[in-house]
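As structure tokens, the structure follows; a few thoughts come after it.
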Amino acid sequence: MLADYIQIPIAAALCWILFVTVDIVFRLPEKGGVKGAAAIGRKIGEDGGALPGGTMMGNIVSSPDASAGTLLAACGVYVAGLPGGLAAAAIVFIGNRICHDPGYAGTTGAVLASFLVSGFVVLGFAPENFIAGMVIAILTIQGLSHPYASRLLARIWGWRS
Amino acid sequence: MAELIALYVCGLIALFAAVRTVVEPDPYRKLPYLNVMNFAVAGLIVLVLVHPLSILAAAAYFVGSTLEANAIASARAAVMGDD
Amino acid sequence: MIEFLQIVLAVIVILGAVATAWSRDPFNKLICLGVLIGGVFPFIIAGGYLDVAVAVALIAPITTIFVLAITGRNGDGA
């Protein structure tokens with residue numbers, strides 16, 4: 001099968017596309033789901049970013065969104081295959097309820113990611129590379145440059161709305 | 001627990017994110033870096049011990065850290081007058 | 001646990017501890033405490049104490065929320 005150092009970037013790209021798509025479909029950049037998200041979004045907007053992108057990043061921090069769902073689903077598939085991923089999705093659902101999250105981006109992302117990762121396992125990928133890939137994906141959005149990432153997210157949000 | 005490349009990736013990203021969290025001056029902007037570190041630690045939990053309960057521990061850790069980050073951001077917004 | 005991971009996590013713990021001591025702003029301190037706990041957590045898992053880990057994972061954020069409730073009411077500044 002493909003070597004790990006080739007699988008991980010591919011997995012990272014797939015996870016990035018999945019969680020950004022699900023979050024944008026669930027309208028995360030529109031407004032802060034909880035109060036902390038709006039504050040973070042405003043601060044990123046003030047410091048040279050774009051407000052919709054900052055709001056989405058605030059929502060990623062403050063509530064279990066598709067990025068959290070994808071990571072936990074990948075962990076679940078790594079331990080126990082597709083049933084493990086769906087069990088992780090159930091836990092994310094409980095987490096969504098605990099955090100009073102108005103949407104279900106986390107659960108949706110977890111379910112979709114379970115099928116995605118299981119599918120690629122059939123193709124010969126190793127599930128732990130999806131765990132590493134998801135961490136890399138979230139690093140590119142939240143860990144490198146907030147202004148640049150928020151502007152990128154705002155542009156993608158512009159395509160949707 | 002084998003020598004997975006994924007372990008090294010998650011460990012390095014956790015360290016990088018922890019450093020950026022500590023170095024960043026503004027508390028609101030620390031929170032996304034802290035979130036990256038929490039992602040990496042949640043991944044490490046499952047990679048270190050492959051057991052069904054690890055998923056529960058990783059999920060509990062992640063949801064807990066999300067609640068905590070939200071509490072900090074909301075409390076600061078309330079105290080600072082929505083900044 | 002492999003040595004690389006032990007060293008990396010230990011560095012994270014020390015980083016979190018020093019940063020907590022050095023910060024002035026109470027919110028900074030709480031965030032750096034989160035870094036410290038994040039570094040300690042995989043050690044608990046590697047020791048096999050999964051039930052302890054789940055308990056700590058739920059109690060540590062609740063502690064933070066209690067601290068915010070106690071100190072946040074005083075209208076602290078930066």
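In the structure tokens, the first chain shown is A, the next is B, and so on; residue numbers restart at 1 for each chain, and ligands run from 1 in the order shown.
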Open item on the list: Need the shell around Ser74 (chain B): protein/DNA/RNA residues with any atom at most 10 Å away, counting only C-alpha atoms. Skip same-chain ones fewer than 4 positions apart. Format as a ChimeraX atom specification?
Closed with: /A:34-40,62 /B:68-70,78-80,82
Selection file, C-alpha atoms, as a short mmCIF file (atom, residue, chain, number, x, y, z; two decimals), in the first residue's frame:
```cif
data_model
loop_
_atom_site.label_atom_id
_atom_site.label_comp_id
_atom_site.auth_asym_id
_atom_site.auth_seq_id
_atom_site.Cartn_x
_atom_site.Cartn_y
_atom_site.Cartn_z
CA VAL A 34 -22.39 30.44 21.84
CA LYS A 35 -21.19 33.74 23.27
CA GLY A 36 -17.52 32.84 23.41
CA ALA A 37 -17.46 32.09 19.68
CA ALA A 38 -18.66 35.58 18.80
CA ALA A 39 -16.00 37.17 21.01
CA ILE A 40 -13.21 35.16 19.41
CA SER A 62 -16.34 26.70 21.47
CA GLU B 68 -13.59 24.95 29.19
CA ALA B 69 -12.51 27.08 26.23
CA ASN B 70 -16.06 28.30 25.74
CA ALA B 78 -18.83 39.26 29.87
CA VAL B 79 -16.17 40.82 32.10
CA MET B 80 -14.54 42.93 29.40
CA ASP B 82 -18.02 42.10 24.98
#
```
- [ ] Skip Phe19 (chain A) itself and residues of its chain fewer than 6 positions away, then list as a PyMOL selection string all residues within 9 Å of it, counting only C-alpha atoms.
- [x] chain A and resi 65-70+105+109+113
- [ ] Fewer than 2 positions away in the same chain doesn't count, so skip those; otherwise give me all residues within 12 Å of Met1 (chain C), counting only C-alpha atoms, as a PyMOL selection string.
- [x] (chain B and resi 1-4+7-8+11+44-45+47-49) or (chain C and resi 3-9+42-48)
Could you take the residues named above and write them with N, CA and C atoms, as a short mmCIF file (atom, residue, chain, number, x, y, z; two decimals), in the first residue's frame?
```
data_model
loop_
_atom_site.label_atom_id
_atom_site.label_comp_id
_atom_site.auth_asym_id
_atom_site.auth_seq_id
_atom_site.Cartn_x
_atom_site.Cartn_y
_atom_site.Cartn_z
N MET B 1 1.76 -0.91 21.15
CA MET B 1 1.78 0.40 20.51
C MET B 1 3.01 0.53 19.65
N ALA B 2 2.83 0.53 18.37
CA ALA B 2 3.97 0.51 17.45
C ALA B 2 4.51 1.91 17.23
N GLU B 3 5.60 2.01 16.51
CA GLU B 3 6.21 3.30 16.22
C GLU B 3 5.47 3.93 15.05
N LEU B 4 4.30 4.44 15.29
CA LEU B 4 3.53 5.01 14.21
C LEU B 4 4.01 6.41 13.89
N LEU B 7 1.98 9.05 15.62
CA LEU B 7 2.35 9.47 16.96
C LEU B 7 3.29 10.67 16.92
N TYR B 8 4.29 10.61 16.04
CA TYR B 8 5.23 11.71 15.95
C TYR B 8 4.55 12.97 15.46
N GLY B 11 2.41 14.35 18.28
CA GLY B 11 3.25 14.88 19.35
C GLY B 11 3.88 16.21 18.97
N LEU B 44 -3.57 11.68 20.46
CA LEU B 44 -2.53 10.91 21.15
C LEU B 44 -3.14 9.90 22.11
N ILE B 45 -4.24 10.28 22.75
CA ILE B 45 -4.86 9.37 23.72
C ILE B 45 -5.19 8.04 23.06
N LEU B 47 -3.99 6.91 20.18
CA LEU B 47 -2.82 6.26 19.59
C LEU B 47 -1.96 5.58 20.64
N VAL B 48 -1.97 6.10 21.87
CA VAL B 48 -1.12 5.54 22.92
C VAL B 48 -1.70 4.25 23.45
N LEU B 49 -3.02 4.19 23.61
CA LEU B 49 -3.63 2.99 24.19
C LEU B 49 -4.82 2.61 23.32
N GLU C 3 9.88 7.07 24.00
CA GLU C 3 10.60 8.13 24.67
C GLU C 3 10.34 9.50 24.08
N PHE C 4 10.23 9.55 22.75
CA PHE C 4 9.99 10.83 22.09
C PHE C 4 8.75 11.49 22.69
N LEU C 5 7.70 10.69 22.84
CA LEU C 5 6.44 11.23 23.34
C LEU C 5 6.58 11.67 24.79
N GLN C 6 7.33 10.88 25.58
CA GLN C 6 7.51 11.26 26.98
C GLN C 6 8.19 12.61 27.08
N ILE C 7 9.22 12.81 26.26
CA ILE C 7 9.94 14.08 26.32
C ILE C 7 9.05 15.23 25.86
N VAL C 8 8.35 15.02 24.74
CA VAL C 8 7.50 16.10 24.22
C VAL C 8 6.44 16.49 25.24
N LEU C 9 5.78 15.49 25.83
CA LEU C 9 4.72 15.81 26.80
C LEU C 9 5.30 16.47 28.04
N PRO C 42 -2.03 12.36 28.57
CA PRO C 42 -1.61 11.09 27.95
C PRO C 42 -0.83 10.19 28.90
N PHE C 43 -0.16 10.76 29.91
CA PHE C 43 0.54 9.91 30.87
C PHE C 43 -0.46 9.09 31.67
N ILE C 44 -1.57 9.70 32.02
CA ILE C 44 -2.59 8.95 32.75
C ILE C 44 -3.11 7.80 31.88
N ILE C 45 -3.30 8.08 30.60
CA ILE C 45 -3.80 7.05 29.69
C ILE C 45 -2.78 5.93 29.55
N ALA C 46 -1.52 6.32 29.37
CA ALA C 46 -0.48 5.30 29.14
C ALA C 46 -0.33 4.41 30.36
N GLY C 47 -0.66 4.94 31.55
CA GLY C 47 -0.58 4.11 32.74
C GLY C 47 -1.72 3.11 32.84
N GLY C 48 -2.69 3.22 31.92
CA GLY C 48 -3.79 2.27 31.93
C GLY C 48 -4.98 2.71 32.76
#
```
Write out as a tab-separated table the residues of region 47-69 of chain B that have any atom within 12 Å of an atom of region 20-34 of chain C, one row each with the nearest atom pair and its distance in Å to one decimal, counting only C-alpha atoms, sorted by chain and then rising number.
```
residue	atom	partner	partner_atom	distance
B:Tyr61	CA	C:Gly34	CA	11.1
B:Phe62	CA	C:Gly34	CA	11.7
B:Gly64	CA	C:Gly34	CA	10.5
B:Ser65	CA	C:Gly34	CA	7.8
B:Thr66	CA	C:Gly34	CA	10.8
B:Leu67	CA	C:Gly34	CA	11.7
B:Glu68	CA	C:Gly34	CA	8.5
B:Ala69	CA	C:Ile31	CA	7.9
```
Selected residues, C-alpha atoms, written as a PDB file, in the first residue's frame, please.
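Output below, filename out_12.pdb:
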```pdb
ATOM      1  CA  TYR B  61     -11.192  15.064  27.191  1.00  0.00           C
ATOM      2  CA  PHE B  62     -12.136  16.828  23.994  1.00  0.00           C
ATOM      3  CA  GLY B  64     -14.300  18.934  28.405  1.00  0.00           C
ATOM      4  CA  SER B  65     -11.661  21.102  26.785  1.00  0.00           C
ATOM      5  CA  THR B  66     -14.267  22.575  24.435  1.00  0.00           C
ATOM      6  CA  LEU B  67     -16.534  23.437  27.371  1.00  0.00           C
ATOM      7  CA  GLU B  68     -13.591  24.953  29.189  1.00  0.00           C
ATOM      8  CA  ALA B  69     -12.511  27.082  26.233  1.00  0.00           C
TER       9      ALA B  69
END
```
So which residues touch Tyr104 (chain A) within 9 Å, counting only C-alpha atoms, skipping near sequence neighbours fewer than 2 positions away, as a compact mmCIF listing (two decimals) with C-alpha atoms, in the first residue's frame?
```txt
# COMPACT_ATOMS: atom_id res chain seq x y z
CA PHE A 26 -24.23 24.17 8.73
CA PRO A 64 -18.00 20.29 18.99
CA ASP A 65 -18.27 20.93 15.27
CA ALA A 66 -17.45 18.77 12.27
CA PHE A 93 -23.98 13.74 19.66
CA ASN A 96 -23.37 18.49 21.13
CA ARG A 97 -26.29 18.33 23.54
CA ASP A 101 -25.02 23.50 20.44
CA PRO A 102 -27.85 24.75 18.22
CA GLY A 106 -20.39 17.62 14.96
CA THR A 107 -22.59 14.57 14.72
CA THR A 108 -22.99 14.92 10.95
CA GLY A 109 -19.26 15.31 10.49
```
